[in-house]
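Colleague: Input final-v4.pdb, format and content: PDB, C-alpha atoms.
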ATOM      1  CA  MET M   1      78.696  87.730 138.774
ATOM      2  CA  SER M   2      80.791  90.885 138.580
ATOM      3  CA  THR M   3      79.139  93.964 137.112
ATOM      4  CA  GLN M   4      82.269  96.092 137.248
ATOM      5  CA  ALA M   5      82.149  98.932 134.712
ATOM      6  CA  PRO M   6      84.775  98.939 131.972
ATOM      7  CA  VAL M   7      87.861 101.090 132.476
ATOM      8  CA  ASP M   8      87.861 104.317 130.455
ATOM      9  CA  GLY M   9      89.042 103.665 126.911
ATOM     10  CA  GLN M  10      88.098  99.990 126.964
ATOM     11  CA  ILE M  11      85.227  98.447 125.005
ATOM     12  CA  ASP M  12      82.512  96.773 127.060
ATOM     13  CA  LEU M  13      82.120  93.596 125.024
ATOM     14  CA  GLN M  14      79.032  92.504 126.986
ATOM     15  CA  SER M  15      77.099  95.659 126.140
ATOM     16  CA  ALA M  16      78.467  96.086 122.582
ATOM     17  CA  PRO M  17      75.802  95.518 119.921
ATOM     18  CA  ALA M  18      75.847  92.165 118.165
ATOM     19  CA  ARG M  19      77.299  92.378 114.675
ATOM     20  CA  PRO M  20      75.538  90.683 111.765
ATOM     21  CA  ALA M  21      77.354  87.854 110.017
ATOM     22  CA  ARG M  22      79.188  89.245 107.018
ATOM     23  CA  ARG M  23      79.051  86.236 104.726
ATOM     24  CA  ALA M  24      77.981  85.658 101.147
ATOM     25  CA  GLU M  25      77.702  82.841  98.630
ATOM     26  CA  ARG M  26      77.610  83.314  94.883
ATOM     27  CA  ARG M  27      77.421  81.139  91.788
ATOM     28  CA  ARG M  28      77.967  82.287  88.218
ATOM     29  CA  VAL M  29      77.552  80.107  85.150
ATOM     30  CA  THR M  30      78.381  81.274  81.630
ATOM     31  CA  SER M  31      79.361  79.531  78.413
ATOM     32  CA  GLU M  32      82.979  80.272  79.366
ATOM     33  CA  ALA M  33      83.220  79.480  83.083
ATOM     34  CA  THR M  34      81.427  78.163  86.157
ATOM     35  CA  VAL M  35      82.250  79.786  89.481
ATOM     36  CA  GLU M  36      81.163  78.831  93.000
ATOM     37  CA  LEU M  37      82.354  81.186  95.732
ATOM     38  CA  SER M  38      81.708  81.782  99.411
ATOM     39  CA  LEU M  39      83.343  84.181 101.836
ATOM     40  CA  ASP M  40      83.293  85.406 105.403
ATOM     41  CA  LEU M  41      84.670  88.914 105.898
ATOM     42  CA  ASP M  42      85.184  88.250 109.608
ATOM     43  CA  GLY M  43      87.248  85.111 109.174
ATOM     44  CA  THR M  44      90.889  84.335 109.878
ATOM     45  CA  GLY M  45      92.196  84.018 106.309
ATOM     46  CA  VAL M  46      91.383  80.341 105.715
ATOM     47  CA  SER M  47      91.080  79.549 102.018
ATOM     48  CA  ASP M  48      90.101  76.723  99.680
ATOM     49  CA  ILE M  49      90.969  77.823  96.157
ATOM     50  CA  ASP M  50      90.839  75.825  92.929
ATOM     51  CA  THR M  51      90.425  77.911  89.772
ATOM     52  CA  GLY M  52      92.403  75.905  87.236
ATOM     53  CA  VAL M  53      94.818  78.852  86.994
ATOM     54  CA  PRO M  54      97.625  78.105  89.477
ATOM     55  CA  PHE M  55      99.059  81.608  89.772
ATOM     56  CA  PHE M  56      95.591  83.055  90.359
ATOM     57  CA  ASP M  57      95.076  80.414  93.063
ATOM     58  CA  HIS M  58      98.243  81.782  94.656
ATOM     59  CA  MET M  59      96.992  85.391  94.465
ATOM     60  CA  LEU M  60      93.540  84.570  95.872
ATOM     61  CA  THR M  61      95.135  82.602  98.703
ATOM     62  CA  ALA M  62      97.308  85.624  99.487
ATOM     63  CA  PHE M  63      94.273  87.906  99.351
ATOM     64  CA  ALA M  64      92.378  85.710 101.826
ATOM     65  CA  LYS M  65      95.329  85.391 104.204
ATOM     66  CA  HIS M  66      96.241  89.068 104.295
ATOM     67  CA  SER M  67      92.701  90.463 104.344
ATOM     68  CA  LEU M  68      91.575  87.991 107.042
ATOM     69  CA  THR M  69      88.758  86.842 104.789
ATOM     70  CA  ASP M  70      87.755  83.186 104.758
ATOM     71  CA  LEU M  71      87.410  82.409 101.068
ATOM     72  CA  LYS M  72      86.332  79.380  99.070
ATOM     73  CA  VAL M  73      86.513  79.474  95.279
ATOM     74  CA  HIS M  74      85.968  76.516  92.960
ATOM     75  CA  ALA M  75      85.877  77.258  89.256
ATOM     76  CA  THR M  76      86.182  75.593  85.875
ATOM     77  CA  GLY M  77      86.582  77.389  82.586
ATOM     78  CA  ASP M  78      87.949  77.376  79.070
ATOM     79  CA  ILE M  79      91.544  77.903  80.167
ATOM     80  CA  GLU M  80      92.675  75.911  77.132
ATOM     81  CA  ILE M  81      91.705  79.046  75.205
ATOM     82  CA  ASP M  82      92.855  81.660  77.704
ATOM     83  CA  ALA M  83      92.817  82.225  81.454
ATOM     84  CA  HIS M  84      91.082  85.572  80.901
ATOM     85  CA  HIS M  85      87.474  84.306  80.986
ATOM     86  CA  THR M  86      87.887  82.307  84.178
ATOM     87  CA  VAL M  87      89.847  85.001  85.999
ATOM     88  CA  GLU M  88      87.357  87.669  84.949
ATOM     89  CA  ASP M  89      84.293  85.708  86.069
ATOM     90  CA  ILE M  90      85.852  84.855  89.426
ATOM     91  CA  SER M  91      86.765  88.497  90.008
ATOM     92  CA  ILE M  92      83.234  89.627  89.162
ATOM     93  CA  VAL M  93      81.751  87.108  91.596
ATOM     94  CA  LEU M  94      84.271  88.017  94.306
ATOM     95  CA  GLY M  95      83.340  91.683  93.988
ATOM     96  CA  GLN M  96      79.612  90.892  94.133
ATOM     97  CA  ALA M  97      80.089  88.713  97.208
ATOM     98  CA  ILE M  98      82.127  91.402  98.975
ATOM     99  CA  ARG M  99      79.418  93.981  98.318
ATOM    100  CA  GLU M 100      76.707  91.661  99.617
ATOM    101  CA  ALA M 101      78.659  90.663 102.721
ATOM    102  CA  LEU M 102      79.448  94.272 103.658
ATOM    103  CA  GLY M 103      75.743  94.925 104.161
ATOM    104  CA  ASP M 104      74.867  98.493 105.160
ATOM    105  CA  LYS M 105      78.472  99.149 106.281
ATOM    106  CA  THR M 106      77.471 100.308 109.742
ATOM    107  CA  GLY M 107      80.450 100.735 112.070
ATOM    108  CA  ILE M 108      83.236 100.059 109.572
ATOM    109  CA  ALA M 109      86.460 102.032 109.303
ATOM    110  CA  ARG M 110      85.731 102.580 105.569
ATOM    111  CA  TYR M 111      89.294 103.542 104.575
ATOM    112  CA  GLY M 112      92.434 101.431 104.365
ATOM    113  CA  ASP M 113      95.997 102.112 103.244
ATOM    114  CA  ALA M 114      98.841  99.609 102.946
ATOM    115  CA  LEU M 115     102.417  99.590 101.688
ATOM    116  CA  VAL M 116     103.765  96.091 100.986
ATOM    117  CA  PRO M 117     107.209  94.955  99.801
ATOM    118  CA  LEU M 118     108.189  91.690  98.186
ATOM    119  CA  ASP M 119     111.944  91.640  97.747
ATOM    120  CA  GLU M 120     112.665  94.342  95.142
ATOM    121  CA  ALA M 121     108.986  95.121  94.506
ATOM    122  CA  LEU M 122     107.043  97.689  96.528
ATOM    123  CA  ALA M 123     103.322  98.370  96.105
ATOM    124  CA  GLN M 124     100.824 100.652  97.763
ATOM    125  CA  ALA M 125      97.053 100.247  97.844
ATOM    126  CA  VAL M 126      94.360 102.535  99.198
ATOM    127  CA  VAL M 127      90.768 101.305  99.549
ATOM    128  CA  ASP M 128      87.632 103.313 100.232
ATOM    129  CA  ILE M 129      84.419 101.335 100.754
ATOM    130  CA  SER M 130      82.660 104.259  99.150
ATOM    131  CA  GLY M 131      79.769 102.789  97.188
ATOM    132  CA  ARG M 132      81.332 104.515  94.159
ATOM    133  CA  PRO M 133      83.264 102.141  91.892
ATOM    134  CA  PHE M 134      86.586 103.529  90.697
ATOM    135  CA  LEU M 135      90.070 102.178  90.013
ATOM    136  CA  VAL M 136      93.359 103.986  89.578
ATOM    137  CA  HIS M 137      96.187 101.562  88.792
ATOM    138  CA  SER M 138      99.636 102.800  87.872
ATOM    139  CA  GLY M 139     103.381 102.290  88.017
ATOM    140  CA  GLU M 140     103.853  98.915  86.343
ATOM    141  CA  PRO M 141     106.871  98.852  84.003
ATOM    142  CA  ALA M 142     106.376  98.977  80.254
ATOM    143  CA  GLY M 143     105.698  95.521  78.860
ATOM    144  CA  PHE M 144     104.560  94.064  82.192
ATOM    145  CA  GLU M 145     101.130  93.368  80.718
ATOM    146  CA  PHE M 146     102.666  90.940  78.215
ATOM    147  CA  HIS M 147     104.551  88.800  80.744
ATOM    148  CA  LEU M 148     103.252  85.281  81.280
ATOM    149  CA  ILE M 149     103.391  84.423  84.973
ATOM    150  CA  GLY M 150     103.108  80.819  86.065
ATOM    151  CA  GLY M 151     102.283  79.543  82.598
ATOM    152  CA  HIS M 152      98.691  80.879  82.415
ATOM    153  CA  PHE M 153      98.396  84.308  83.989
ATOM    154  CA  THR M 154      99.387  87.381  81.980
ATOM    155  CA  GLY M 155     100.453  90.639  83.614
ATOM    156  CA  SER M 156      97.488  92.435  82.046
ATOM    157  CA  LEU M 157      95.135  90.386  84.217
ATOM    158  CA  VAL M 158      96.377  92.045  87.421
ATOM    159  CA  ARG M 159      94.657  95.308  86.550
ATOM    160  CA  HIS M 160      91.658  93.434  85.207
ATOM    161  CA  VAL M 161      91.148  91.636  88.528
ATOM    162  CA  PHE M 162      91.282  94.858  90.539
ATOM    163  CA  GLU M 163      88.938  96.542  88.081
ATOM    164  CA  ALA M 164      86.341  93.748  88.256
ATOM    165  CA  ILE M 165      86.467  93.608  92.055
ATOM    166  CA  ALA M 166      86.284  97.385  92.474
ATOM    167  CA  TYR M 167      83.352  97.825  90.123
ATOM    168  CA  ASN M 168      81.330  94.900  91.445
ATOM    169  CA  ALA M 169      82.046  95.591  95.119
ATOM    170  CA  ALA M 170      81.525  99.362  94.666
ATOM    171  CA  LEU M 171      84.976 100.214  96.020
ATOM    172  CA  THR M 172      87.273 103.111  95.222
ATOM    173  CA  VAL M 173      90.716 101.522  94.798
ATOM    174  CA  HIS M 174      94.111 103.045  94.102
ATOM    175  CA  VAL M 175      96.968 100.600  93.452
ATOM    176  CA  THR M 176     100.414 102.019  92.754
ATOM    177  CA  LEU M 177     103.552 100.051  92.018
ATOM    178  CA  ILE M 178     106.390 102.106  93.482
ATOM    179  CA  GLY M 179     109.127  99.825  92.195
ATOM    180  CA  GLY M 180     109.760  96.305  90.968
ATOM    181  CA  ARG M 181     111.474  94.122  88.402
ATOM    182  CA  ASP M 182     110.275  90.519  88.719
ATOM    183  CA  PRO M 183     106.721  90.079  87.313
ATOM    184  CA  HIS M 184     105.762  87.551  89.999
ATOM    185  CA  HIS M 185     106.950  89.855  92.768
ATOM    186  CA  ILE M 186     105.171  92.853  91.236
ATOM    187  CA  ALA M 187     101.824  91.068  90.991
ATOM    188  CA  GLU M 188     102.071  89.527  94.460
ATOM    189  CA  ALA M 189     103.053  92.799  96.127
ATOM    190  CA  GLU M 190     100.048  94.492  94.520
ATOM    191  CA  PHE M 191      97.610  91.767  95.587
ATOM    192  CA  LYS M 192      98.938  91.742  99.150
ATOM    193  CA  ALA M 193      98.800  95.541  99.384
ATOM    194  CA  PHE M 194      95.190  95.493  98.187
ATOM    195  CA  ALA M 195      94.350  92.762 100.703
ATOM    196  CA  ARG M 196      95.928  94.646 103.601
ATOM    197  CA  ALA M 197      94.191  97.896 102.681
ATOM    198  CA  PHE M 198      90.845  96.107 102.349
ATOM    199  CA  ARG M 199      91.406  94.458 105.736
ATOM    200  CA  GLN M 200      91.684  97.882 107.356
ATOM    201  CA  ALA M 201      88.719  99.319 105.459
ATOM    202  CA  LYS M 202      86.282  96.498 106.288
ATOM    203  CA  ALA M 203      87.273  96.333 109.953
ATOM    204  CA  TYR M 204      84.855  97.550 112.586
ATOM    205  CA  ASP M 205      85.860 100.749 114.381
ATOM    206  CA  ALA M 206      84.502 101.011 117.927
ATOM    207  CA  GLN M 207      84.408 104.816 117.671
ATOM    208  CA  VAL M 208      82.253 104.867 114.525
ATOM    209  CA  VAL M 209      78.547 105.374 115.126
ATOM    210  CA  GLY M 210      76.349 104.356 112.185
ATOM    211  CA  VAL M 211      77.673 104.639 108.646
ATOM    212  CA  PRO M 212      80.969 106.547 108.246
ATOM    213  CA  SER M 213      79.621 109.121 105.805
ATOM    214  CA  THR M 214      78.039 112.543 106.201
ATOM    215  CA  LYS M 215      75.440 111.358 103.678
ATOM    216  CA  GLY M 216      74.272 108.641 106.057
ATOM    217  CA  ALA M 217      74.744 105.928 103.422
ATOM    218  CA  LEU M 218      77.532 104.307 101.430
TER     219      LEU M 218
END
Can you turn what I pasted into structure tokens?
Modeller:
Amino acid sequence: MSTQAPVDGQIDLQSAPARPARRAERRRVTSEATVELSLDLDGTGVSDIDTGVPFFDHMLTAFAKHSLTDLKVHATGDIEIDAHHTVEDISIVLGQAIREALGDKTGIARYGDALVPLDEALAQAVVDISGRPFLVHSGEPAGFEFHLIGGHFTGSLVRHVFEAIAYNAALTVHVTLIGGRDPHHIAEAEFKAFARAFRQAKAYDAQVVGVPSTKGAL
């Protein structure tokens, strides 16, 4: 068997430390919704989504695909009243699962930045896996929050999803809509930008030793 040393600049995969599985499963039951969720941060973007809110299914599928996170979400809720309860509970559980799966964050890039267009809409997202929950969300046109997208999902829920994920996953997230007119395009561009930024932030960086923080913890 060859024992040839790796060329300078290449990673020796045989001697690289084994990475822990970054998976999590969560279940949340309230009087308003029941959520069962599992994810694998080192997946390929495979998803199995059924929330009862079709547009949110679409957004979660896009998040999985563009963040390269395998994601399964099955949920039932009182959507005959409003989609808010179901969407909120799913977002809380997703954030909790992300935080659990990230573990001690050893070797990750930590930061991610993405600019994503969808026709006339353009959104930017920046993610810091900081351990400090914070959301800055700006740029949506006046009245966007009142638009009903796909029959169930209101524009106001876009911010609410990011807020619930950021606070439960302990992420610092900035989402900025640079331009856009169609509510569907605006929401989708924002979700895809967040997914792409998170993909960069959670990725392992071969040059990072330990946790990427001068504090030694995130």
Colleague: I need the residue nearest M:Tyr111 from this list: M:Ile81, M:Leu60, M:Ala125, M:Val175. Use all atoms listed in the file for the distance.
Modeller: M:Ala125
Colleague: Around (75.1, 104.8, 109.5), as given in the file, which residues come within 8 Å? Count all atoms listed in the file and list them as a ChimeraX atom specification.
Modeller: /M:104-107,209-213,216-217
Colleague: Those residues you just picked out, can you put them in a file as a PDB file, in the coordinates of the input with C-alpha atoms?
Modeller:
ATOM      1  CA  ASP M 104      74.867  98.493 105.160  1.00  0.00           C
ATOM      2  CA  LYS M 105      78.472  99.149 106.281  1.00  0.00           C
ATOM      3  CA  THR M 106      77.471 100.308 109.742  1.00  0.00           C
ATOM      4  CA  GLY M 107      80.450 100.735 112.070  1.00  0.00           C
ATOM      5  CA  VAL M 209      78.547 105.374 115.126  1.00  0.00           C
ATOM      6  CA  GLY M 210      76.349 104.356 112.185  1.00  0.00           C
ATOM      7  CA  VAL M 211      77.673 104.639 108.646  1.00  0.00           C
ATOM      8  CA  PRO M 212      80.969 106.547 108.246  1.00  0.00           C
ATOM      9  CA  SER M 213      79.621 109.121 105.805  1.00  0.00           C
ATOM     10  CA  GLY M 216      74.272 108.641 106.057  1.00  0.00           C
ATOM     11  CA  ALA M 217      74.744 105.928 103.422  1.00  0.00           C
TER      12      ALA M 217
END
Colleague: Could you check how far atom CA of M:Ile90 sits from atom CA of M:Ile186, in Å to one decimal?
Modeller: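 Rounded to one decimal, the two atoms are 21.0 Å apart.
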Colleague: Output as JSON the centre and edge lengths (Å, one decimal) of the box along x, y and z of the file that holds every listed atom of stretch 68-85 of chain M after adding 8 Å on each side.
Modeller:
{"center_x": 89.4, "center_y": 81.8, "center_z": 91.1, "size_x": 23.0, "size_y": 28.4, "size_z": 47.8}
Colleague: Residues of stretch 102-153 of chain M within 12 Å of stretch 34-45 of chain M: nearest atom pair and distance (Å, one decimal) for each, counting only C-alpha atoms, sorted by chain and number, as a Markdown table?
Modeller:
| residue | atom | partner | partner_atom | distance |
| --- | --- | --- | --- | --- |
| M:Leu102 | CA | M:Leu41 | CA | 7.8 |
| M:Gly103 | CA | M:Leu41 | CA | 10.9 |
| M:Lys105 | CA | M:Leu41 | CA | 12.0 |
| M:Ile108 | CA | M:Leu41 | CA | 11.8 |
Colleague: Quick one: distance from atom CA of M:Arg22 to atom CA of M:Ile98 in Å, one decimal?
Modeller: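 Separation of atom CA of M:Arg22 and atom CA of M:Ile98: 8.8 Å.
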Colleague: Please determine the residues with any atom at most 9 Å from (77.2, 84.4, 91.5) (coordinates as given in the file, with all atoms listed in the file counting) and report them as a ChimeraX atom specification.
Modeller: /M:25-29,35-37,90,92-94,96-97
Colleague: Determine the residue set returned by the PyMOL selection byres ((chain M and resi 145) around 12) for the present structure, and present it as a ChimeraX atom specification.
Modeller: /M:138-144,146-149,153-160,183-184,186-187
Colleague: Some atoms are missing, so please complete stretch 157-179 of chain M with N, CA, C and O atoms and return it as a PDB file, in the frame of the given file.
Modeller:
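Produced file rebuild.pdb, reproduced below:
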ATOM      1  N   LEU M 157      96.259  90.828  83.402  1.00  0.00           N
ATOM      2  CA  LEU M 157      95.135  90.386  84.217  1.00  0.00           C
ATOM      3  C   LEU M 157      95.153  90.982  85.626  1.00  0.00           C
ATOM      4  O   LEU M 157      94.117  91.013  86.291  1.00  0.00           O
ATOM      5  N   VAL M 158      96.314  91.457  86.080  1.00  0.00           N
ATOM      6  CA  VAL M 158      96.377  92.045  87.421  1.00  0.00           C
ATOM      7  C   VAL M 158      95.431  93.237  87.502  1.00  0.00           C
ATOM      8  O   VAL M 158      94.576  93.316  88.389  1.00  0.00           O
ATOM      9  N   ARG M 159      95.561  94.155  86.560  1.00  0.00           N
ATOM     10  CA  ARG M 159      94.657  95.308  86.550  1.00  0.00           C
ATOM     11  C   ARG M 159      93.208  94.858  86.362  1.00  0.00           C
ATOM     12  O   ARG M 159      92.295  95.396  86.992  1.00  0.00           O
ATOM     13  N   HIS M 160      93.014  93.872  85.509  1.00  0.00           N
ATOM     14  CA  HIS M 160      91.658  93.434  85.207  1.00  0.00           C
ATOM     15  C   HIS M 160      90.966  92.879  86.451  1.00  0.00           C
ATOM     16  O   HIS M 160      89.771  93.104  86.659  1.00  0.00           O
ATOM     17  N   VAL M 161      91.701  92.166  87.285  1.00  0.00           N
ATOM     18  CA  VAL M 161      91.148  91.636  88.528  1.00  0.00           C
ATOM     19  C   VAL M 161      90.719  92.780  89.448  1.00  0.00           C
ATOM     20  O   VAL M 161      89.595  92.796  89.966  1.00  0.00           O
ATOM     21  N   PHE M 162      91.614  93.742  89.663  1.00  0.00           N
ATOM     22  CA  PHE M 162      91.282  94.858  90.539  1.00  0.00           C
ATOM     23  C   PHE M 162      90.080  95.645  90.008  1.00  0.00           C
ATOM     24  O   PHE M 162      89.230  96.095  90.775  1.00  0.00           O
ATOM     25  N   GLU M 163      90.032  95.804  88.700  1.00  0.00           N
ATOM     26  CA  GLU M 163      88.938  96.542  88.081  1.00  0.00           C
ATOM     27  C   GLU M 163      87.600  95.836  88.311  1.00  0.00           C
ATOM     28  O   GLU M 163      86.605  96.458  88.703  1.00  0.00           O
ATOM     29  N   ALA M 164      87.577  94.514  88.085  1.00  0.00           N
ATOM     30  CA  ALA M 164      86.341  93.748  88.256  1.00  0.00           C
ATOM     31  C   ALA M 164      85.892  93.738  89.709  1.00  0.00           C
ATOM     32  O   ALA M 164      84.693  93.870  90.007  1.00  0.00           O
ATOM     33  N   ILE M 165      86.821  93.587  90.637  1.00  0.00           N
ATOM     34  CA  ILE M 165      86.467  93.608  92.055  1.00  0.00           C
ATOM     35  C   ILE M 165      85.939  94.982  92.452  1.00  0.00           C
ATOM     36  O   ILE M 165      84.891  95.106  93.088  1.00  0.00           O
ATOM     37  N   ALA M 166      86.671  96.033  92.081  1.00  0.00           N
ATOM     38  CA  ALA M 166      86.284  97.385  92.474  1.00  0.00           C
ATOM     39  C   ALA M 166      84.900  97.748  91.963  1.00  0.00           C
ATOM     40  O   ALA M 166      84.068  98.293  92.699  1.00  0.00           O
ATOM     41  N   TYR M 167      84.621  97.422  90.718  1.00  0.00           N
ATOM     42  CA  TYR M 167      83.352  97.825  90.123  1.00  0.00           C
ATOM     43  C   TYR M 167      82.187  96.991  90.656  1.00  0.00           C
ATOM     44  O   TYR M 167      81.073  97.506  90.804  1.00  0.00           O
ATOM     45  N   ASN M 168      82.421  95.746  90.951  1.00  0.00           N
ATOM     46  CA  ASN M 168      81.330  94.900  91.445  1.00  0.00           C
ATOM     47  C   ASN M 168      81.134  94.993  92.954  1.00  0.00           C
ATOM     48  O   ASN M 168      80.039  94.714  93.453  1.00  0.00           O
ATOM     49  N   ALA M 169      82.178  95.392  93.669  1.00  0.00           N
ATOM     50  CA  ALA M 169      82.046  95.591  95.119  1.00  0.00           C
ATOM     51  C   ALA M 169      81.735  97.038  95.469  1.00  0.00           C
ATOM     52  O   ALA M 169      81.493  97.348  96.633  1.00  0.00           O
ATOM     53  N   ALA M 170      81.748  97.923  94.458  1.00  0.00           N
ATOM     54  CA  ALA M 170      81.525  99.362  94.666  1.00  0.00           C
ATOM     55  C   ALA M 170      82.573  99.951  95.599  1.00  0.00           C
ATOM     56  O   ALA M 170      82.272 100.626  96.585  1.00  0.00           O
ATOM     57  N   LEU M 171      83.842  99.689  95.271  1.00  0.00           N
ATOM     58  CA  LEU M 171      84.976 100.214  96.020  1.00  0.00           C
ATOM     59  C   LEU M 171      85.711 101.253  95.182  1.00  0.00           C
ATOM     60  O   LEU M 171      85.787 101.141  93.959  1.00  0.00           O
ATOM     61  N   THR M 172      86.278 102.246  95.856  1.00  0.00           N
ATOM     62  CA  THR M 172      87.273 103.111  95.222  1.00  0.00           C
ATOM     63  C   THR M 172      88.638 102.530  95.585  1.00  0.00           C
ATOM     64  O   THR M 172      88.956 102.388  96.765  1.00  0.00           O
ATOM     65  N   VAL M 173      89.437 102.202  94.578  1.00  0.00           N
ATOM     66  CA  VAL M 173      90.716 101.522  94.798  1.00  0.00           C
ATOM     67  C   VAL M 173      91.825 102.238  94.030  1.00  0.00           C
ATOM     68  O   VAL M 173      91.684 102.508  92.832  1.00  0.00           O
ATOM     69  N   HIS M 174      92.895 102.536  94.730  1.00  0.00           N
ATOM     70  CA  HIS M 174      94.111 103.045  94.102  1.00  0.00           C
ATOM     71  C   HIS M 174      95.225 102.032  94.372  1.00  0.00           C
ATOM     72  O   HIS M 174      95.506 101.718  95.531  1.00  0.00           O
ATOM     73  N   VAL M 175      95.834 101.515  93.321  1.00  0.00           N
ATOM     74  CA  VAL M 175      96.968 100.600  93.452  1.00  0.00           C
ATOM     75  C   VAL M 175      98.131 101.204  92.682  1.00  0.00           C
ATOM     76  O   VAL M 175      98.020 101.477  91.479  1.00  0.00           O
ATOM     77  N   THR M 176      99.244 101.404  93.367  1.00  0.00           N
ATOM     78  CA  THR M 176     100.414 102.019  92.754  1.00  0.00           C
ATOM     79  C   THR M 176     101.636 101.137  92.976  1.00  0.00           C
ATOM     80  O   THR M 176     101.957 100.801  94.124  1.00  0.00           O
ATOM     81  N   LEU M 177     102.271 100.744  91.893  1.00  0.00           N
ATOM     82  CA  LEU M 177     103.552 100.051  92.018  1.00  0.00           C
ATOM     83  C   LEU M 177     104.634 101.112  92.131  1.00  0.00           C
ATOM     84  O   LEU M 177     104.843 101.905  91.212  1.00  0.00           O
ATOM     85  N   ILE M 178     105.334 101.120  93.248  1.00  0.00           N
ATOM     86  CA  ILE M 178     106.390 102.106  93.482  1.00  0.00           C
ATOM     87  C   ILE M 178     107.691 101.665  92.841  1.00  0.00           C
ATOM     88  O   ILE M 178     108.462 102.467  92.332  1.00  0.00           O
ATOM     89  N   GLY M 179     107.935 100.354  92.832  1.00  0.00           N
ATOM     90  CA  GLY M 179     109.127  99.825  92.195  1.00  0.00           C
ATOM     91  C   GLY M 179     109.031  98.322  92.080  1.00  0.00           C
ATOM     92  O   GLY M 179     108.283  97.683  92.820  1.00  0.00           O
TER      93      GLY M 179
END
